[in-house]
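Enquirer: The structure that follows is given in the form of structure tokens.
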Amino acid sequence: MEEPSAEQLLEEKSGQSYWDTRYKDKTAVWDIGEVSPPLRSYIDKIEDKNLHILIPGCGNTYEAEYLLQQGFKQVTVIDIAPTLVEKLKDKFAGNIHIQIILGDFFTQQGQYDLILEQTFFCALPPRMRPHYAAKMHSLLKQGGKLAGVLFNCSFEGGPPFGAYQEEYEALFKEAFHFNVMEPCRNSIAPRANNELMFELKKNAEVLVQRYVFKGITCNGCKQTVTDKFSAIEGVLNVCMSGDFSEVLIVSKKEIALLELQSSIAYDARYSISKAD
Ligand SMILES: C[S@@+](CC[C@H](N)C(=O)[O-])C[C@H]1O[C@@H](n2cnc3c(N)ncnc32)[C@H](O)[C@@H]1O
């Protein structure tokens with residue numbers, strides 16, 4: 001039998017059954033058993049208990065539990081793993097201040113004041129990072145914030161898939177205002193010196209669009225294409241995924257697809273189309 005490709009292996013490690021099995025087998029090694037100290041400190045500073053708060057890839061969601069204990073009234077959590085979500089529904093049964101959703105974060109609709117990040121970004125295959133940034137932008141209200149903890153290190157294989165501060169800066173640039181992105185001072189011991197605390201505010205003045213790209217095979221070409229798109233009037237930031245399959249374009253105004261296509265017409269192998 002043929003060995004699975006690296007892409008197939010990665011796909012297996014990002015799907016619903018991969019995550020559900022982690023909860024079924026009790027191999028959720030990322031679970032720290034308590035609200036993470038940086039998020040606890042962050043939550044302690046929020047005064048408005050009526051904020052609509054979303055926690056994607058919530059896991060056992062000690063963060064939501066803590067929010068509810070502190071009197072927050074509109075908490076939504078979402079996770080793709082049915083075994084986990086069933087358990088959460090039992091745990092929070094009868095609590096009208098929390099909505100528990102079984103589903104894929106990327107298909108969710110809604111508008112939130114605050115989205116809390118805690119080891120969800122690192123659970124996603126790196127090619128999904130442009131999608132993550134675009135989806136976060138679309139789910140936030142004007143003035144809404146994305147905040148939490150991100151790894152600032154690399155890992156062998158994955159998940160978790162690590163990243164460094166400069167990669168986050170390149171990804172979120174212009175779509176968000178960087179209120180805070182700095183080394184975490186109160187990480188749990190095993191993650192000390194490897195985490196960033198961050199708070200990004202949605203830039204509601206811009207359009208954030210995601211495109212499927214085909215034809216690039218090397219970083220040099222990626223840079224050339226990025227430069228071409230960046231040179232288009234109105235484009236503020238271009239971020240292509242590490243596997244060259246997706247591009248995030250942040251702009252002041254709508255950029256016609258034809259204009260993007262024309263700018264890469266110099267190479268017949270390249271194509272760009274709007275992502276779903
Ligand atoms: C590394 S775990 C982190 C869980 C929790 N935030 C924590 O810190 O304990 C990643 C979580 O994201 C969930 N997940 C993965 N892909 C998802 C998706 N597309 N939509 C919603 N949840 C997803 C997994 O089921 C898992 O619970």
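So you can find residues: chains in the structure tokens are A, B, ... in the order shown, residues in each start at 1, and ligands are numbered from 1 in order.
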Please give me, as a list in words, the residues lying within 7 Å of ligand 1 when counting only C-alpha atoms and all ligand atoms.

Expert: Ser14, Gly15, Gln16, Trp19, Asp20, Trp30, Asp31, Ile32, Pro56, Gly57, Cys58, Gly59, Asn60, Thr61, Ile78, Asp79, Ile80, Ala81, Gly103, Asp104, Phe105, Phe106, Gln118, Thr119, Phe120, Cys122, Ala123, Leu124 and Pro160 of chain A

Enquirer: Dump N, CA and C atoms for the selected residues as a PDB file, in the first residue's frame?

Expert:
```
ATOM      1  N   SER A  14      -6.000  17.416  11.303  1.00  0.00           N
ATOM      2  CA  SER A  14      -6.719  18.666  11.515  1.00  0.00           C
ATOM      3  C   SER A  14      -8.224  18.457  11.429  1.00  0.00           C
ATOM      4  N   GLY A  15      -8.639  17.234  11.124  1.00  0.00           N
ATOM      5  CA  GLY A  15     -10.063  16.982  10.949  1.00  0.00           C
ATOM      6  C   GLY A  15     -10.769  16.678  12.256  1.00  0.00           C
ATOM      7  N   GLN A  16     -12.089  16.588  12.152  1.00  0.00           N
ATOM      8  CA  GLN A  16     -12.909  16.375  13.338  1.00  0.00           C
ATOM      9  C   GLN A  16     -12.543  15.082  14.066  1.00  0.00           C
ATOM     10  N   TRP A  19      -9.425  15.297  16.329  1.00  0.00           N
ATOM     11  CA  TRP A  19      -9.613  16.005  17.598  1.00  0.00           C
ATOM     12  C   TRP A  19     -10.538  15.222  18.525  1.00  0.00           C
ATOM     13  N   ASP A  20     -11.586  14.642  17.947  1.00  0.00           N
ATOM     14  CA  ASP A  20     -12.523  13.908  18.803  1.00  0.00           C
ATOM     15  C   ASP A  20     -11.830  12.730  19.485  1.00  0.00           C
ATOM     16  N   TRP A  30      -2.631  19.103  25.635  1.00  0.00           N
ATOM     17  CA  TRP A  30      -2.525  20.564  25.714  1.00  0.00           C
ATOM     18  C   TRP A  30      -3.329  21.133  26.880  1.00  0.00           C
ATOM     19  N   ASP A  31      -4.202  20.281  27.452  1.00  0.00           N
ATOM     20  CA  ASP A  31      -5.160  20.755  28.455  1.00  0.00           C
ATOM     21  C   ASP A  31      -4.424  21.045  29.758  1.00  0.00           C
ATOM     22  N   ILE A  32      -4.427  22.304  30.195  1.00  0.00           N
ATOM     23  CA  ILE A  32      -3.638  22.646  31.385  1.00  0.00           C
ATOM     24  C   ILE A  32      -4.474  22.566  32.672  1.00  0.00           C
ATOM     25  N   PRO A  56     -13.062  30.210  20.388  1.00  0.00           N
ATOM     26  CA  PRO A  56     -13.035  29.155  19.364  1.00  0.00           C
ATOM     27  C   PRO A  56     -12.047  28.046  19.724  1.00  0.00           C
ATOM     28  N   GLY A  57     -12.354  26.814  19.301  1.00  0.00           N
ATOM     29  CA  GLY A  57     -11.482  25.678  19.642  1.00  0.00           C
ATOM     30  C   GLY A  57     -11.335  25.630  21.148  1.00  0.00           C
ATOM     31  N   CYS A  58     -12.482  25.661  21.828  1.00  0.00           N
ATOM     32  CA  CYS A  58     -12.510  25.974  23.270  1.00  0.00           C
ATOM     33  C   CYS A  58     -11.964  24.868  24.155  1.00  0.00           C
ATOM     34  N   GLY A  59     -11.965  23.609  23.671  1.00  0.00           N
ATOM     35  CA  GLY A  59     -11.528  22.515  24.539  1.00  0.00           C
ATOM     36  C   GLY A  59     -12.344  22.505  25.823  1.00  0.00           C
ATOM     37  N   ASN A  60     -11.721  22.168  26.923  1.00  0.00           N
ATOM     38  CA  ASN A  60     -12.461  22.091  28.198  1.00  0.00           C
ATOM     39  C   ASN A  60     -12.831  23.458  28.761  1.00  0.00           C
ATOM     40  N   THR A  61     -12.440  24.457  28.099  1.00  0.00           N
ATOM     41  CA  THR A  61     -12.836  25.857  28.308  1.00  0.00           C
ATOM     42  C   THR A  61     -12.908  26.340  29.765  1.00  0.00           C
ATOM     43  N   ILE A  78     -17.056  27.378  20.970  1.00  0.00           N
ATOM     44  CA  ILE A  78     -17.266  26.471  19.831  1.00  0.00           C
ATOM     45  C   ILE A  78     -16.108  25.496  19.735  1.00  0.00           C
ATOM     46  N   ASP A  79     -16.442  24.261  19.453  1.00  0.00           N
ATOM     47  CA  ASP A  79     -15.405  23.261  19.220  1.00  0.00           C
ATOM     48  C   ASP A  79     -15.943  22.230  18.232  1.00  0.00           C
ATOM     49  N   ILE A  80     -15.015  21.621  17.519  1.00  0.00           N
ATOM     50  CA  ILE A  80     -15.377  20.685  16.448  1.00  0.00           C
ATOM     51  C   ILE A  80     -15.528  19.246  16.965  1.00  0.00           C
ATOM     52  N   ALA A  81     -15.105  18.997  18.214  1.00  0.00           N
ATOM     53  CA  ALA A  81     -15.069  17.617  18.734  1.00  0.00           C
ATOM     54  C   ALA A  81     -16.374  17.258  19.465  1.00  0.00           C
ATOM     55  N   GLY A 103     -19.212  22.612  16.142  1.00  0.00           N
ATOM     56  CA  GLY A 103     -19.089  22.979  14.735  1.00  0.00           C
ATOM     57  C   GLY A 103     -17.703  23.457  14.380  1.00  0.00           C
ATOM     58  N   ASP A 104     -17.585  23.787  13.107  1.00  0.00           N
ATOM     59  CA  ASP A 104     -16.324  24.274  12.565  1.00  0.00           C
ATOM     60  C   ASP A 104     -16.298  25.800  12.695  1.00  0.00           C
ATOM     61  N   PHE A 105     -15.320  26.291  13.387  1.00  0.00           N
ATOM     62  CA  PHE A 105     -15.166  27.736  13.579  1.00  0.00           C
ATOM     63  C   PHE A 105     -15.277  28.491  12.253  1.00  0.00           C
ATOM     64  N   PHE A 106     -14.728  27.902  11.193  1.00  0.00           N
ATOM     65  CA  PHE A 106     -14.635  28.628   9.923  1.00  0.00           C
ATOM     66  C   PHE A 106     -15.975  28.774   9.214  1.00  0.00           C
ATOM     67  N   GLN A 118      -6.675  30.730  22.787  1.00  0.00           N
ATOM     68  CA  GLN A 118      -5.871  29.917  23.708  1.00  0.00           C
ATOM     69  C   GLN A 118      -5.636  28.575  23.014  1.00  0.00           C
ATOM     70  N   THR A 119      -4.453  28.404  22.458  1.00  0.00           N
ATOM     71  CA  THR A 119      -4.043  27.196  21.718  1.00  0.00           C
ATOM     72  C   THR A 119      -5.061  26.711  20.679  1.00  0.00           C
ATOM     73  N   PHE A 120      -5.695  27.666  19.989  1.00  0.00           N
ATOM     74  CA  PHE A 120      -6.512  27.299  18.828  1.00  0.00           C
ATOM     75  C   PHE A 120      -5.709  27.552  17.544  1.00  0.00           C
ATOM     76  N   CYS A 122      -2.593  27.454  17.043  1.00  0.00           N
ATOM     77  CA  CYS A 122      -1.522  26.461  16.863  1.00  0.00           C
ATOM     78  C   CYS A 122      -2.068  25.079  16.521  1.00  0.00           C
ATOM     79  N   ALA A 123      -3.385  24.895  16.679  1.00  0.00           N
ATOM     80  CA  ALA A 123      -3.997  23.605  16.350  1.00  0.00           C
ATOM     81  C   ALA A 123      -4.269  23.495  14.850  1.00  0.00           C
ATOM     82  N   LEU A 124      -4.230  24.629  14.169  1.00  0.00           N
ATOM     83  CA  LEU A 124      -4.616  24.645  12.751  1.00  0.00           C
ATOM     84  C   LEU A 124      -3.401  24.453  11.848  1.00  0.00           C
ATOM     85  N   PRO A 160       1.020  20.832  18.101  1.00  0.00           N
ATOM     86  CA  PRO A 160       0.868  22.248  17.793  1.00  0.00           C
ATOM     87  C   PRO A 160       1.830  22.705  16.695  1.00  0.00           C
TER      88      PRO A 160
END
```

Enquirer: Can you list, as a list in words, every protein, DNA or RNA residue that comes within 6 Å of Ile249 of chain A when you count only C-alpha atoms, leaving out same-chain residues fewer than 6 positions away?

Expert: Val208, Gln209, Asn237 and Val238 of chain A

Enquirer: Take the residues that were just selected and, keeping N, CA and C atoms, output them as a PDB file, in the first residue's frame.

Expert:
```pdb
ATOM      1  N   VAL A 208     -10.840  42.814   4.029  1.00  0.00           N
ATOM      2  CA  VAL A 208      -9.910  41.690   4.200  1.00  0.00           C
ATOM      3  C   VAL A 208     -10.439  40.545   3.340  1.00  0.00           C
ATOM      4  N   GLN A 209      -9.702  40.201   2.299  1.00  0.00           N
ATOM      5  CA  GLN A 209     -10.181  39.196   1.347  1.00  0.00           C
ATOM      6  C   GLN A 209      -9.189  38.043   1.264  1.00  0.00           C
ATOM      7  N   ASN A 237      -1.787  45.301   2.683  1.00  0.00           N
ATOM      8  CA  ASN A 237      -0.954  44.167   3.126  1.00  0.00           C
ATOM      9  C   ASN A 237      -1.302  42.920   2.323  1.00  0.00           C
ATOM     10  N   VAL A 238      -0.272  42.127   2.066  1.00  0.00           N
ATOM     11  CA  VAL A 238      -0.444  40.856   1.353  1.00  0.00           C
ATOM     12  C   VAL A 238       0.268  39.800   2.180  1.00  0.00           C
TER      13      VAL A 238
END
```

Enquirer: From the set A:Gly242, A:Pro38, A:Gly158, A:Gly143, which residue has the shortest atom-to-atom contact distance to Arg191 of chain A, counting only C-alpha atoms?

Expert: A:Pro38

Enquirer: Using only C-alpha atoms, find the one residue out of A:Val75, A:Cys153, A:Ile46, A:Val250 that sits nearest to Asn193 of chain A.

Expert: A:Cys153

Enquirer: List as a list in words the protein and nucleic acid residues near Arg210 of chain A, meaning an atom at most 6 Å away when only C-alpha atoms are counted, but skip any in the same chain fewer than 4 places from it.

Expert: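 Surrounding residues, per the criterion: Val247, Leu248 and Ala275 of chain A.
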
Enquirer: Select, from A:Leu260, A:Met136, A:Leu116, A:Met240, the residue with the minimum atom-to-atom distance to Ile216 of chain A, counting only C-alpha atoms.

Expert: A:Met240

Enquirer: Go ahead and compute the interatomic distance for atom CA of Gly234 of chain A and atom CA of Glu174 of chain A, in Å to one decimal.

Expert: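 Atom CA of Gly234 of chain A sits 11.9 Å away from atom CA of Glu174 of chain A.
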
Enquirer: Between A:Phe92, A:Phe161, A:Tyr66, A:Phe151, which is the closest to Glu182 of chain A once you count only C-alpha atoms?

Expert: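 Using only C-alpha atoms, Glu182 of chain A sits closest to A:Phe151.
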
Enquirer: Work out how far atom CA of Leu114 of chain A is from atom CA of His52 of chain A, in Å to one decimal.

Expert: 6.4 Å

Enquirer: I need the residue nearest Lys145 of chain A from this list: A:Gly162, A:Leu207, A:Leu54, A:Ile101. Use only C-alpha atoms for the distance.

Expert: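 Among the listed residues, A:Leu54 lies closest to Lys145 of chain A.
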
Enquirer: Using only C-alpha atoms, which residues sit within 10 Å of Glu259 of chain A once same-chain residues fewer than 4 positions away are excluded, as a list of chain:residue names?

Expert: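 My list of contacting residues is A:Phe229, A:Ile232, A:Ile255, A:Ser263, A:Ile264, A:Ala265.
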
Enquirer: How would you write, as a ChimeraX atom specification, the set of residues in segment 43-203 of chain A that DSSP gives as strand (DSSP E or B)?

Expert: /A:52-56,74-79,98-102,112-118,140-151,153,163,173,176-183,195-202

Enquirer: Which residue gives the smallest distance to Asp267 of chain A among A:Lys252, A:Lys141, A:Lys214, A:Lys26, with only C-alpha atoms counted?

Expert: A:Lys214

Enquirer: If you measure from atom CA of Glu117 of chain A to atom CA of Glu195 of chain A, what distance in Å do you get, rounded to one decimal?

Expert: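 The value is 12.1 Å.
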
Enquirer: Residues of segment 55-249 of chain A classed as alpha helix (DSSP H) by DSSP on the backbone are to be reported as an MDAnalysis selection string.

Expert: chainID A and resid 62:69 82:91 129:139 165:172 219:230

Enquirer: Counting only C-alpha atoms, what is within 9 Å of Gly71 of chain A, bar same-chain residues fewer than 6 positions away, as a list in words?

Expert: Lys49, Asn50 and His97 of chain A

Enquirer: Show me a table, sorted first by chain and then by increasing residue number, of the residues of segment 10-115 of chain A having an atom at most 12 Å from segment 196-204 of chain A, each with its shortest atom pair and the distance in Å to one decimal, counting only C-alpha atoms and written as a Markdown table.

Expert:
```
| residue | atom | partner | partner_atom | distance |
| --- | --- | --- | --- | --- |
| A:Ser36 | CA | A:Met197 | CA | 11.3 |
| A:Pro37 | CA | A:Met197 | CA | 10.8 |
| A:Pro38 | CA | A:Met197 | CA | 7.1 |
| A:Leu39 | CA | A:Met197 | CA | 8.6 |
| A:Arg40 | CA | A:Met197 | CA | 11.7 |
| A:Ser41 | CA | A:Met197 | CA | 10.6 |
| A:Tyr42 | CA | A:Met197 | CA | 9.2 |
| A:Ile43 | CA | A:Glu199 | CA | 11.9 |
| A:Gln111 | CA | A:Lys202 | CA | 11.9 |
| A:Tyr112 | CA | A:Lys202 | CA | 10.9 |
| A:Asp113 | CA | A:Lys202 | CA | 9.8 |
| A:Leu114 | CA | A:Lys201 | CA | 9.2 |
| A:Ile115 | CA | A:Glu199 | CA | 9.8 |
```
